[in-house]
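Enquirer: Got a structure for you, structure_19.csv, holding CSV, C-alpha atoms.
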```
chain,number,residue,atom,x,y,z
A,1,MET,CA,19.9,1.7,23.1
A,2,ASP,CA,18.9,-1.1,25.4
A,3,ILE,CA,20.1,-4.1,23.4
A,4,THR,CA,18.5,-6.6,25.8
A,5,ALA,CA,15.1,-5.0,25.2
A,6,LEU,CA,15.5,-5.7,21.5
A,7,LEU,CA,17.2,-9.1,21.6
A,8,LEU,CA,15.3,-10.5,24.6
A,9,PRO,CA,12.2,-8.3,24.9
A,10,LYS,CA,10.0,-8.5,27.9
A,11,ILE,CA,6.3,-8.0,28.1
A,12,GLY,CA,4.1,-7.4,31.1
A,13,SER,CA,1.6,-10.1,30.2
A,14,ARG,CA,-0.1,-11.6,27.2
A,15,GLU,CA,-3.1,-9.4,28.0
A,16,SER,CA,-1.1,-6.2,28.1
A,17,LEU,CA,0.7,-7.1,24.9
A,18,GLN,CA,-2.7,-7.5,23.1
A,19,GLU,CA,-3.9,-4.3,24.6
A,20,PHE,CA,-0.9,-2.5,23.1
A,21,ILE,CA,-1.4,-4.2,19.8
A,22,ASP,CA,-5.0,-3.1,19.7
A,23,SER,CA,-4.1,0.5,20.6
A,24,LEU,CA,-1.4,0.6,18.0
A,25,ALA,CA,-3.7,-0.7,15.3
A,26,GLU,CA,-5.9,2.3,15.9
A,27,GLN,CA,-3.1,4.8,15.9
A,28,VAL,CA,-1.0,3.7,12.9
A,29,PRO,CA,-3.6,4.7,10.2
A,30,ASP,CA,-3.7,8.2,11.7
A,31,ILE,CA,0.1,8.4,11.8
A,32,GLU,CA,0.3,7.3,8.2
A,33,ARG,CA,-2.3,9.8,7.1
A,34,ASP,CA,-0.6,12.7,8.9
A,35,ILE,CA,2.8,11.7,7.3
A,36,ALA,CA,1.2,11.7,3.9
A,37,ARG,CA,-0.2,15.2,4.6
A,38,LEU,CA,3.2,16.4,5.8
A,39,LYS,CA,4.7,15.3,2.5
A,40,LEU,CA,2.4,17.9,0.8
A,41,ALA,CA,2.8,20.5,3.5
A,42,PRO,CA,6.1,19.9,5.3
A,43,GLY,CA,6.0,23.2,7.2
A,44,ASP,CA,2.5,22.6,8.8
A,45,LYS,CA,3.2,23.0,12.5
A,46,SER,CA,-0.2,21.6,13.5
A,47,LEU,CA,0.4,18.4,11.7
A,48,LEU,CA,3.9,18.1,13.2
A,49,ALA,CA,2.4,18.7,16.7
A,50,ARG,CA,-0.3,16.0,16.1
A,51,LEU,CA,2.3,13.5,14.8
A,52,PHE,CA,4.5,14.3,17.8
A,53,ARG,CA,1.6,13.6,20.2
A,54,ALA,CA,0.8,10.4,18.4
A,55,LEU,CA,4.3,9.0,18.8
A,56,HIS,CA,4.4,10.2,22.4
A,57,ASN,CA,1.2,8.3,23.0
A,58,VAL,CA,2.7,5.2,21.3
A,59,LYS,CA,5.6,5.4,23.7
A,60,GLY,CA,3.4,6.0,26.7
A,61,ASN,CA,1.1,3.1,25.9
A,62,ALA,CA,4.1,0.8,25.4
A,63,SER,CA,5.5,1.8,28.7
A,64,VAL,CA,2.2,1.3,30.5
A,65,CYS,CA,1.7,-2.1,28.9
A,66,GLY,CA,5.2,-3.2,29.6
A,67,VAL,CA,6.2,-3.6,25.9
A,68,GLU,CA,9.9,-2.5,25.8
A,69,ILE,CA,10.2,-2.7,22.1
A,70,GLY,CA,7.5,0.0,21.6
A,71,VAL,CA,9.4,2.4,23.9
A,72,ALA,CA,12.7,1.6,22.2
A,73,ILE,CA,11.4,2.3,18.7
A,74,ALA,CA,9.1,5.3,19.6
A,75,GLN,CA,11.7,7.2,21.7
A,76,PRO,CA,14.2,8.2,18.9
A,77,ILE,CA,11.3,9.0,16.5
A,78,GLU,CA,9.8,11.3,19.1
A,79,THR,CA,13.2,13.0,19.4
A,80,LEU,CA,13.3,13.5,15.6
A,81,LEU,CA,9.8,15.0,15.6
A,82,ALA,CA,10.8,17.4,18.5
A,83,ARG,CA,13.7,18.6,16.3
A,84,LEU,CA,11.4,19.1,13.4
A,85,ARG,CA,9.1,21.2,15.5
A,86,ALA,CA,12.0,23.3,16.6
A,87,ASP,CA,13.1,23.8,13.0
A,88,GLU,CA,16.5,22.1,13.7
A,89,ILE,CA,15.9,19.8,10.7
A,90,ASP,CA,13.6,19.7,7.7
A,91,PHE,CA,10.9,17.2,6.9
A,92,SER,CA,11.6,15.1,3.8
A,93,ASP,CA,10.2,12.1,1.9
A,94,LEU,CA,13.1,10.0,3.1
A,95,LEU,CA,12.5,11.0,6.7
A,96,ALA,CA,8.9,10.1,6.2
A,97,GLU,CA,9.9,6.6,4.9
A,98,VAL,CA,12.1,6.1,7.9
A,99,ILE,CA,9.2,6.8,10.3
A,100,LEU,CA,6.8,4.6,8.3
A,101,LEU,CA,9.4,1.8,8.2
A,102,ALA,CA,9.8,2.0,11.9
A,103,MET,CA,6.1,1.7,12.5
A,104,ASP,CA,6.0,-1.3,10.1
A,105,ARG,CA,8.8,-3.0,12.1
A,106,LEU,CA,7.0,-2.3,15.4
A,107,GLU,CA,3.9,-3.9,14.1
A,108,LEU,CA,5.8,-6.9,12.8
A,109,SER,CA,7.7,-7.2,16.1
A,110,LEU,CA,4.4,-7.3,18.0
A,111,GLU,CA,3.0,-10.0,15.7
A,112,ALA,CA,6.2,-12.0,16.2
A,113,LEU,CA,6.0,-11.6,20.0
A,114,ALA,CA,2.3,-12.7,20.0
A,115,GLY,CA,3.2,-15.7,17.9
A,116,ASN,CA,6.3,-16.7,19.9
A,117,ARG,CA,8.5,-16.2,16.8
A,118,SER,CA,12.1,-14.9,16.5
A,119,LEU,CA,12.6,-11.2,16.2
A,120,ALA,CA,16.1,-11.6,14.6
A,121,PRO,CA,15.0,-11.2,11.0
A,122,LEU,CA,13.5,-7.8,11.7
A,123,LYS,CA,16.9,-6.2,12.3
A,124,LEU,CA,15.7,-4.2,15.3
A,125,LEU,CA,19.3,-3.4,16.4
A,126,GLU,CA,20.0,-1.8,13.1
A,127,LEU,CA,16.6,0.0,13.2
A,128,VAL,CA,16.9,1.5,16.7
A,129,GLY,CA,20.6,2.2,16.4
A,130,GLY,CA,20.0,3.9,13.1
A,131,LEU,CA,17.1,5.9,14.5
A,132,GLU,CA,19.2,7.1,17.5
A,133,VAL,CA,22.0,8.1,15.2
A,134,LEU,CA,19.5,9.9,12.9
A,135,ALA,CA,18.0,11.7,15.9
A,136,GLY,CA,21.4,13.4,16.5
A,137,THR,CA,22.4,13.9,12.9
A,138,ASP,CA,23.1,17.4,11.4
A,139,LYS,CA,20.5,18.9,9.2
A,140,ASP,CA,22.5,18.5,6.0
A,141,ALA,CA,23.2,14.8,6.5
A,142,ILE,CA,19.6,13.7,7.5
A,143,ASP,CA,18.7,12.3,4.0
A,144,GLU,CA,22.0,10.5,3.6
A,145,ARG,CA,21.6,8.9,7.0
A,146,SER,CA,18.0,8.0,6.2
A,147,VAL,CA,19.1,6.1,3.1
A,148,LEU,CA,21.7,4.2,5.1
A,149,LEU,CA,19.2,3.3,7.7
A,150,ILE,CA,16.6,2.1,5.2
A,151,GLU,CA,19.1,0.0,3.3
A,152,ALA,CA,20.4,-1.6,6.6
A,153,VAL,CA,17.0,-2.5,7.9
A,154,THR,CA,15.2,-3.6,4.7
A,155,GLY,CA,18.0,-6.0,3.7
A,156,PHE,CA,18.5,-4.7,0.2
A,157,ARG,CA,21.9,-5.4,-1.2
A,158,PRO,CA,23.9,-3.6,-4.0
A,159,ALA,CA,24.5,-5.1,-7.4
A,160,GLY,CA,27.0,-7.9,-7.2
A,161,ALA,CA,25.5,-9.5,-4.1
A,162,ALA,CA,25.4,-13.3,-3.7
A,163,ARG,CA,23.7,-14.9,-6.7
A,164,VAL,CA,22.3,-18.3,-7.4
A,165,THR,CA,24.7,-19.8,-10.0
A,166,LYS,CA,23.2,-23.1,-10.9
A,167,PRO,CA,23.2,-23.2,-14.7
A,168,ARG,CA,19.9,-23.2,-16.5
A,169,VAL,CA,19.0,-26.3,-18.5
A,170,SER,CA,16.0,-26.2,-20.9
A,171,VAL,CA,13.8,-29.3,-20.9
A,172,ILE,CA,11.4,-28.3,-23.7
A,173,SER,CA,12.3,-29.9,-27.1
A,174,ARG,CA,9.1,-28.8,-28.9
A,175,SER,CA,8.9,-26.1,-31.5
A,176,PRO,CA,8.7,-22.4,-30.4
A,177,GLU,CA,5.3,-22.2,-32.0
A,178,ASN,CA,3.9,-25.0,-29.9
A,179,ILE,CA,5.5,-23.6,-26.7
A,180,ALA,CA,4.0,-20.2,-27.4
A,181,ALA,CA,0.6,-21.7,-28.1
A,182,ASP,CA,0.7,-23.6,-24.8
A,183,LEU,CA,1.7,-20.5,-22.9
A,184,ARG,CA,-1.2,-18.6,-24.4
A,185,PHE,CA,-3.5,-21.3,-23.2
A,186,PHE,CA,-2.1,-21.2,-19.7
A,187,ARG,CA,-2.5,-17.4,-19.7
A,188,SER,CA,-6.1,-17.8,-20.7
A,189,LEU,CA,-6.7,-20.0,-17.7
A,190,SER,CA,-4.9,-17.5,-15.4
A,191,LEU,CA,-7.2,-14.8,-16.7
A,192,GLN,CA,-10.2,-16.9,-15.9
A,193,PHE,CA,-8.9,-17.2,-12.4
A,194,GLU,CA,-8.4,-13.5,-12.1
A,195,ALA,CA,-12.0,-12.9,-13.2
A,196,ARG,CA,-13.3,-14.6,-10.0
A,197,SER,CA,-12.6,-11.5,-8.0
A,198,PRO,CA,-11.8,-7.8,-8.8
A,199,LEU,CA,-9.0,-8.0,-6.3
A,200,PHE,CA,-7.1,-10.4,-8.6
A,201,LYS,CA,-7.1,-8.0,-11.7
A,202,GLY,CA,-3.6,-8.0,-13.2
A,203,ARG,CA,-2.3,-10.5,-10.7
A,204,GLY,CA,-0.9,-12.9,-13.2
A,205,GLU,CA,1.2,-10.4,-15.1
A,206,ARG,CA,2.5,-8.9,-11.9
A,207,LEU,CA,3.6,-12.3,-10.6
A,208,LEU,CA,5.1,-13.2,-14.0
A,209,GLN,CA,7.2,-10.0,-14.1
A,210,LEU,CA,8.5,-10.5,-10.5
A,211,ALA,CA,9.3,-14.2,-11.1
A,212,LEU,CA,11.1,-13.6,-14.4
A,213,ASP,CA,13.0,-10.6,-13.0
A,214,THR,CA,14.1,-12.6,-9.9
A,215,ASP,CA,15.3,-15.5,-12.0
A,216,LYS,CA,17.2,-13.0,-14.3
A,217,ALA,CA,18.7,-11.3,-11.2
A,218,ALA,CA,20.1,-14.7,-10.2
A,219,GLY,CA,21.5,-15.5,-13.6
A,220,ASN,CA,18.5,-17.3,-15.1
A,221,PRO,CA,19.0,-20.7,-13.4
A,222,VAL,CA,15.4,-21.5,-14.1
A,223,ASP,CA,14.1,-22.0,-17.6
A,224,PRO,CA,11.9,-18.9,-18.3
A,225,ALA,CA,9.3,-20.8,-20.3
A,226,GLN,CA,8.8,-23.3,-17.6
A,227,LEU,CA,8.6,-20.6,-15.0
A,228,LYS,CA,6.0,-18.7,-17.1
A,229,ALA,CA,3.8,-21.8,-17.3
A,230,ALA,CA,4.1,-22.3,-13.5
A,231,VAL,CA,3.2,-18.7,-12.7
A,232,TYR,CA,0.1,-18.9,-14.9
A,233,MET,CA,-1.0,-22.3,-13.7
A,234,HIS,CA,0.0,-22.4,-10.0
A,235,ASP,CA,-3.5,-21.4,-8.7
A,236,PHE,CA,-5.6,-23.0,-11.4
A,237,GLY,CA,-6.5,-25.8,-9.1
A,238,MET,CA,-8.4,-23.2,-6.9
A,239,MET,CA,-11.0,-23.0,-9.7
A,240,LEU,CA,-11.8,-26.6,-9.2
A,241,LEU,CA,-12.7,-26.1,-5.6
A,242,PRO,CA,-15.9,-24.6,-4.1
A,243,GLU,CA,-15.5,-20.8,-4.1
A,244,SER,CA,-16.7,-20.9,-0.5
A,245,ALA,CA,-13.4,-22.5,0.5
A,246,TRP,CA,-11.2,-19.7,-0.8
A,247,LEU,CA,-13.1,-16.6,-1.9
A,248,LYS,CA,-13.8,-15.3,1.6
A,249,LEU,CA,-12.1,-13.1,4.2
A,250,ASP,CA,-13.0,-15.0,7.3
A,251,LYS,CA,-10.7,-17.4,9.0
A,252,LEU,CA,-10.7,-20.8,7.2
A,253,ALA,CA,-12.2,-23.8,8.8
A,254,ALA,CA,-10.2,-27.0,9.0
A,255,ASP,CA,-12.1,-28.6,6.2
A,256,ASP,CA,-11.5,-25.6,3.9
A,257,LYS,CA,-7.8,-25.7,4.7
A,258,ARG,CA,-7.7,-29.4,3.6
A,259,LEU,CA,-9.4,-28.5,0.4
A,260,LEU,CA,-7.0,-25.7,-0.3
A,261,HIS,CA,-4.0,-27.9,0.3
A,262,SER,CA,-5.1,-30.0,-2.6
A,263,HIS,CA,-5.0,-27.2,-5.2
A,264,PRO,CA,-1.3,-27.5,-6.2
A,265,ALA,CA,-1.8,-31.1,-7.3
A,266,GLN,CA,-4.7,-30.2,-9.6
A,267,ALA,CA,-2.8,-27.9,-11.8
A,268,ALA,CA,0.4,-29.9,-11.6
A,269,GLY,CA,-1.5,-33.0,-12.8
A,270,LEU,CA,-2.7,-31.1,-15.9
A,271,LEU,CA,0.8,-29.9,-16.7
A,272,GLU,CA,2.3,-33.4,-16.3
A,273,ARG,CA,-0.1,-34.7,-18.9
A,274,MET,CA,1.0,-32.1,-21.5
A,275,GLU,CA,4.2,-32.7,-23.4
A,276,GLY,CA,7.2,-30.7,-22.3
A,277,TRP,CA,5.9,-29.2,-19.1
A,278,ARG,CA,7.1,-31.6,-16.4
A,279,GLU,CA,9.4,-29.1,-14.8
A,280,ALA,CA,6.6,-26.5,-14.6
A,281,ALA,CA,4.4,-29.2,-13.1
A,282,ARG,CA,7.0,-29.7,-10.4
A,283,MET,CA,7.2,-26.0,-9.6
A,284,VAL,CA,3.4,-25.8,-9.2
A,285,ALA,CA,3.3,-29.0,-7.1
A,286,GLU,CA,6.0,-27.6,-4.7
A,287,HIS,CA,5.2,-23.9,-4.5
A,288,HIS,CA,3.7,-24.2,-1.0
A,289,GLU,CA,6.5,-26.3,0.4
A,290,MET,CA,8.8,-24.6,2.9
A,291,PRO,CA,12.6,-25.0,3.5
A,292,ASP,CA,12.0,-26.2,7.1
A,293,GLY,CA,9.6,-28.9,6.0
A,294,CYS,CA,6.4,-27.3,7.4
A,295,GLY,CA,4.8,-26.6,4.0
A,296,TYR,CA,2.4,-28.8,2.0
A,297,PRO,CA,1.5,-31.1,0.4
A,298,LYS,CA,4.5,-33.4,1.0
A,299,LYS,CA,6.4,-31.4,3.7
A,300,LEU,CA,9.5,-31.3,1.5
A,301,LYS,CA,12.7,-29.7,2.9
A,302,ALA,CA,15.0,-27.1,1.3
A,303,GLU,CA,17.2,-29.3,-0.9
A,304,GLU,CA,14.1,-31.3,-2.1
A,305,ILE,CA,12.3,-28.2,-3.4
A,306,CYS,CA,13.0,-27.1,-7.0
A,307,ALA,CA,14.3,-23.6,-7.7
A,308,GLY,CA,11.2,-22.5,-9.6
A,309,ALA,CA,8.9,-23.4,-6.8
A,310,LYS,CA,11.1,-21.3,-4.4
A,311,ILE,CA,10.8,-18.3,-6.6
A,312,LEU,CA,7.0,-18.8,-7.0
A,313,ALA,CA,6.6,-19.1,-3.2
A,314,ILE,CA,8.3,-15.7,-2.7
A,315,VAL,CA,6.5,-13.7,-5.4
A,316,ASP,CA,3.1,-15.3,-4.5
A,317,ALA,CA,3.5,-14.3,-0.8
A,318,PHE,CA,4.7,-10.8,-1.8
A,319,GLU,CA,1.6,-10.3,-4.0
A,320,ALA,CA,-0.7,-11.5,-1.2
A,321,VAL,CA,0.8,-9.2,1.5
A,322,THR,CA,0.8,-6.2,-1.0
A,323,LEU,CA,-2.9,-6.8,-1.6
A,324,LYS,CA,-3.6,-7.1,2.1
A,325,HIS,CA,-2.0,-3.7,2.8
A,326,SER,CA,-3.1,-2.0,-0.5
A,327,HIS,CA,-5.3,0.5,1.5
A,328,ARG,CA,-2.0,2.1,2.7
A,329,GLY,CA,-1.0,3.0,-0.8
A,330,GLN,CA,1.4,1.3,-3.3
A,331,SER,CA,4.7,2.3,-1.8
A,332,ARG,CA,3.7,1.5,1.7
A,333,SER,CA,2.1,-1.8,0.7
A,334,ILE,CA,5.3,-2.8,-1.2
A,335,LEU,CA,7.5,-1.9,1.8
A,336,ARG,CA,5.3,-3.8,4.2
A,337,ALA,CA,5.3,-6.8,1.9
A,338,ILE,CA,9.1,-6.8,1.4
A,339,ALA,CA,9.5,-6.5,5.2
A,340,GLU,CA,7.3,-9.5,5.8
A,341,VAL,CA,9.1,-11.6,3.1
A,342,ASN,CA,12.5,-10.8,4.6
A,343,ALA,CA,11.2,-11.5,8.2
A,344,CYS,CA,9.9,-15.0,7.3
A,345,ASP,CA,13.3,-16.7,7.5
A,346,ASN,CA,11.8,-20.3,7.7
A,347,GLN,CA,9.2,-19.9,4.9
A,348,PHE,CA,11.3,-18.9,1.9
A,349,ALA,CA,14.6,-20.2,0.4
A,350,PRO,CA,17.4,-17.8,1.7
A,351,GLU,CA,19.4,-18.1,-1.6
A,352,TRP,CA,16.5,-16.4,-3.5
A,353,ILE,CA,15.9,-13.5,-1.1
A,354,ASP,CA,18.8,-11.4,-2.3
A,355,PRO,CA,17.9,-11.6,-6.0
A,356,PHE,CA,14.2,-10.8,-5.1
A,357,ASN,CA,15.3,-7.9,-2.9
A,358,ALA,CA,17.3,-6.5,-5.8
A,359,VAL,CA,14.3,-6.6,-8.1
A,360,ILE,CA,12.1,-4.8,-5.5
A,361,ARG,CA,14.8,-2.2,-4.9
A,362,ARG,CA,14.8,-1.4,-8.6
A,363,MET,CA,11.0,-1.2,-8.6
A,364,LEU,CA,11.0,1.3,-5.8
A,365,GLU,CA,13.7,3.4,-7.4
A,366,LYS,CA,11.7,3.9,-10.6
```
Please render this file's structure as structure tokens.

Expert:
Amino acid sequence: MDITALLLPKIGSRESLQEFIDSLAEQVPDIERDIARLKLAPGDKSLLARLFRALHNVKGNASVCGVEIGVAIAQPIETLLARLRADEIDFSDLLAEVILLAMDRLELSLEALAGNRSLAPLKLLELVGGLEVLAGTDKDAIDERSVLLIEAVTGFRPAGAARVTKPRVSVISRSPENIAADLRFFRSLSLQFEARSPLFKGRGERLLQLALDTDKAAGNPVDPAQLKAAVYMHDFGMMLLPESAWLKLDKLAADDKRLLHSHPAQAAGLLERMEGWREAARMVAEHHEMPDGCGYPKKLKAEEICAGAKILAIVDAFEAVTLKHSHRGQSRSILRAIAEVNACDNQFAPEWIDPFNAVIRRMLEK
């Protein structure tokens, strides 16, 4: 393994990097499709041959374009596929996940290089080192090694990992009946938001489950009722903006971005005017803030952002990336989303990543 190529990668030029990015974007869907077919027919030699050629082409294109990372990641996968073709090892679902994970990390690496961002969060040393070990592993130990590689790269931790231990303090003094009535009202507004697009169907309940489970995994430092209200209401302000500013797939204009940056204040203002929901209002107001101070609307920094907003930021981003990659299938979109969340070291509160990872790991194991 060329450690320098992973830690301090070189590229031939910006043009050649973009050329490789474009070629990979065309190849990955075919690779994913062939892997899905191999899961159904693991002994299909023609599929194995096609997959081998695809990875060989990825490596070759990376070499021609001067993208060292592409060569480093594709080479051990090509070796694995050569062993599969020679019947030295067996194709399995875990081996498929390793290959798909490697392709995801390669795509994320290219995005980081194009954006001049750090590659450190992607754990490329663990990935390529694990792939090289796997390429030489005995047949009977392939699955075990695959599990170790996936755990090392995705950042999942076993039970008992670092938790957030700040004690939970409830701030609602009203009756349970009134609290429940308010939450039903907030949910009804969330459902109205979901009705704006078929892509949003079920979004509120998915976000709610992820947020509550993440809070629970950390010992419930955030009041669950306040968190529920924040989840239901965090995007309500979008409904008060022109749909042209947010219900579109094209790149947003500067004016549209300014409008969107106002939406947390809209819902937070409503919650602040309702008895007992001031903490939920704060979560909503701060859920687009970032630990490095580059978020909005107030550019708060890590210690200034409340815990509930930090949870909301993670689950909201996870849902968005999952939706973006939903065409790849549920398990692939989830793995891609968790990879992107873990790679964004400056966007999310690090103390909440481990509890969130634990929740997703349990989800994938079901």

Enquirer: Identify, on the basis of all atoms listed in the file, every residue whose closest approach to Thr79 of chain A does not exceed 10 Å; exclude the query and any residue fewer than 3 positions from it along the same chain; express the result as a ChimeraX atom specification.

Expert: /A:52,55-56,74-76,82-85,131-132,134-136

Enquirer: Residues within 8 Å of Trp352 of chain A, please, as a list of chain:residue names. Count all atoms listed in the file; anything in the same chain fewer than 6 positions from it doesn't count.

Expert: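 My reading of the contact set: A:Val164, A:Thr214, A:Ala218, A:Lys310, A:Ile311.
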
Enquirer: Pick out the closest residue to Ala211 of chain A from this set: A:Glu144, A:Asp30, A:Asp138, A:Glu319. Count all atoms listed in the file.

Expert: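 Among the listed residues, A:Glu319 lies closest to Ala211 of chain A.
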
Enquirer: What does the structure give for the distance between atom CA of Glu351 of chain A and atom CA of Ala307 of chain A, in Å to one decimal?

Expert: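 Taking atom CA of Glu351 of chain A as the start and atom CA of Ala307 of chain A as the end point, the length is 9.7 Å.
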
Enquirer: May I have the residues within 7 Å of Asp316 of chain A as an MDAnalysis selection string, using only C-alpha atoms and disregarding those fewer than 4 positions away in the same chain?

Expert: chainID A and resid 207 312 320

Enquirer: For the residues in that selection, give me C-alpha atoms as a PDB file, keeping the file's coordinate frame.

Expert:
```pdb
ATOM      1  CA  LEU A 207       3.600 -12.300 -10.600  1.00  0.00           C
ATOM      2  CA  LEU A 312       7.000 -18.800  -7.000  1.00  0.00           C
ATOM      3  CA  ALA A 320      -0.700 -11.500  -1.200  1.00  0.00           C
TER       4      ALA A 320
END
```

Enquirer: Would you kindly return, as a count of residues only, each protein, DNA or RNA residue with an atom no farther than 12 Å from any atom of Arg50 of chain A, considering all atoms listed in the file and excluding same-chain residues fewer than 6 positions away?

Expert: 16

Enquirer: Rounded to one decimal in Å, what is the spacing between atom CA of Asp213 of chain A and atom CA of Arg184 of chain A?

Expert: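 Separation between atom CA of Asp213 of chain A and atom CA of Arg184 of chain A: 19.9 Å.
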
Enquirer: List the neighbours of Ala317 of chain A out to 8 Å using only C-alpha atoms; skip same-chain residues closer than 4 positions along the sequence, and give me the result as a PyMOL selection string.

Expert: chain A and resi 313+321+341

Enquirer: Rounded to one decimal, what separation in Å do you get between atom CA of Cys306 of chain A and atom CA of Glu286 of chain A?

Expert: 7.4 Å

Enquirer: Select, from A:Ala54, A:Leu240, A:Leu189, A:Ala181, the residue with the minimum atom-to-atom distance to Met103 of chain A, counting only C-alpha atoms.

Expert: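 Once distances to Met103 of chain A are computed over only C-alpha atoms, the minimum belongs to A:Ala54.
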
Enquirer: Which of these, A:Leu8, A:Leu106, A:Ala49, A:Ala41, has the shortest distance to Val71 of chain A once you count all atoms listed in the file?

Expert: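 With all atoms listed in the file as the atom set, the closest residue is A:Leu106.
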
Enquirer: Please determine, counting all atoms listed in the file, which residue among A:Val58, A:Leu119, A:Ile334, A:Leu47 has the shortest atom-to-atom distance to Asp22 of chain A.

Expert: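 Nearest to Asp22 of chain A: A:Val58.
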
Enquirer: Would you mind telling me which residue in A:Glu151, A:Glu88, A:Glu303, A:Glu97 lies nearest to Arg361 of chain A when using all atoms listed in the file?

Expert: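 So, comparing all the options, the nearest one is A:Glu151.
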
Enquirer: In terms of the shortest atom-to-atom distance over all atoms listed in the file, which of A:Pro297, A:Val315, A:Leu270, A:Met239 is closest to Arg206 of chain A?

Expert: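 Among the listed residues, the smallest separation from Arg206 of chain A belongs to A:Val315.
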
Enquirer: For the point (-9.2, -28.1, -5.4) in the file's frame, write as a PyMOL selection string all residues with an atom no more than 8 Å away, counting all atoms listed in the file.

Expert: chain A and resi 237-242+259-264+266

Enquirer: Please write a file for segment 86-120 of chain A, taken from the block I just shared, that holds C-alpha atoms and is laid out as a PDB file, in the first residue's frame.

Expert:
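After the write, result.pdb holds the following:
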```pdb
ATOM      1  CA  ALA A  86     -10.269 -18.840 -10.356  1.00  0.00           C
ATOM      2  CA  ASP A  87     -12.630 -20.413  -7.750  1.00  0.00           C
ATOM      3  CA  GLU A  88     -10.099 -19.768  -4.988  1.00  0.00           C
ATOM      4  CA  ILE A  89     -12.742 -17.977  -2.903  1.00  0.00           C
ATOM      5  CA  ASP A  90     -16.538 -17.799  -2.929  1.00  0.00           C
ATOM      6  CA  PHE A  91     -18.698 -14.774  -3.650  1.00  0.00           C
ATOM      7  CA  SER A  92     -20.807 -13.742  -0.634  1.00  0.00           C
ATOM      8  CA  ASP A  93     -23.078 -10.898   0.428  1.00  0.00           C
ATOM      9  CA  LEU A  94     -20.384  -9.607   2.774  1.00  0.00           C
ATOM     10  CA  LEU A  95     -17.807  -9.559   0.000  1.00  0.00           C
ATOM     11  CA  ALA A  96     -20.325  -7.705  -2.149  1.00  0.00           C
ATOM     12  CA  GLU A  97     -20.755  -5.104   0.610  1.00  0.00           C
ATOM     13  CA  VAL A  98     -16.996  -4.639   0.806  1.00  0.00           C
ATOM     14  CA  ILE A  99     -16.747  -3.924  -2.922  1.00  0.00           C
ATOM     15  CA  LEU A 100     -19.697  -1.535  -2.836  1.00  0.00           C
ATOM     16  CA  LEU A 101     -18.293   0.217   0.221  1.00  0.00           C
ATOM     17  CA  ALA A 102     -14.969   0.647  -1.576  1.00  0.00           C
ATOM     18  CA  MET A 103     -16.738   2.187  -4.581  1.00  0.00           C
ATOM     19  CA  ASP A 104     -18.620   4.553  -2.281  1.00  0.00           C
ATOM     20  CA  ARG A 105     -15.402   5.649  -0.588  1.00  0.00           C
ATOM     21  CA  LEU A 106     -13.739   6.173  -3.952  1.00  0.00           C
ATOM     22  CA  GLU A 107     -16.607   8.441  -5.031  1.00  0.00           C
ATOM     23  CA  LEU A 108     -16.445  10.350  -1.739  1.00  0.00           C
ATOM     24  CA  SER A 109     -12.665  10.693  -2.094  1.00  0.00           C
ATOM     25  CA  LEU A 110     -13.026  12.216  -5.526  1.00  0.00           C
ATOM     26  CA  GLU A 111     -15.667  14.647  -4.268  1.00  0.00           C
ATOM     27  CA  ALA A 112     -13.316  15.650  -1.445  1.00  0.00           C
ATOM     28  CA  LEU A 113     -10.399  16.139  -3.830  1.00  0.00           C
ATOM     29  CA  ALA A 114     -12.541  18.224  -6.175  1.00  0.00           C
ATOM     30  CA  GLY A 115     -13.677  20.349  -3.240  1.00  0.00           C
ATOM     31  CA  ASN A 116     -10.218  20.661  -1.641  1.00  0.00           C
ATOM     32  CA  ARG A 117     -11.475  18.910   1.498  1.00  0.00           C
ATOM     33  CA  SER A 118      -9.611  16.571   3.832  1.00  0.00           C
ATOM     34  CA  LEU A 119      -9.662  12.842   3.094  1.00  0.00           C
ATOM     35  CA  ALA A 120      -8.867  11.902   6.702  1.00  0.00           C
TER      36      ALA A 120
END
```
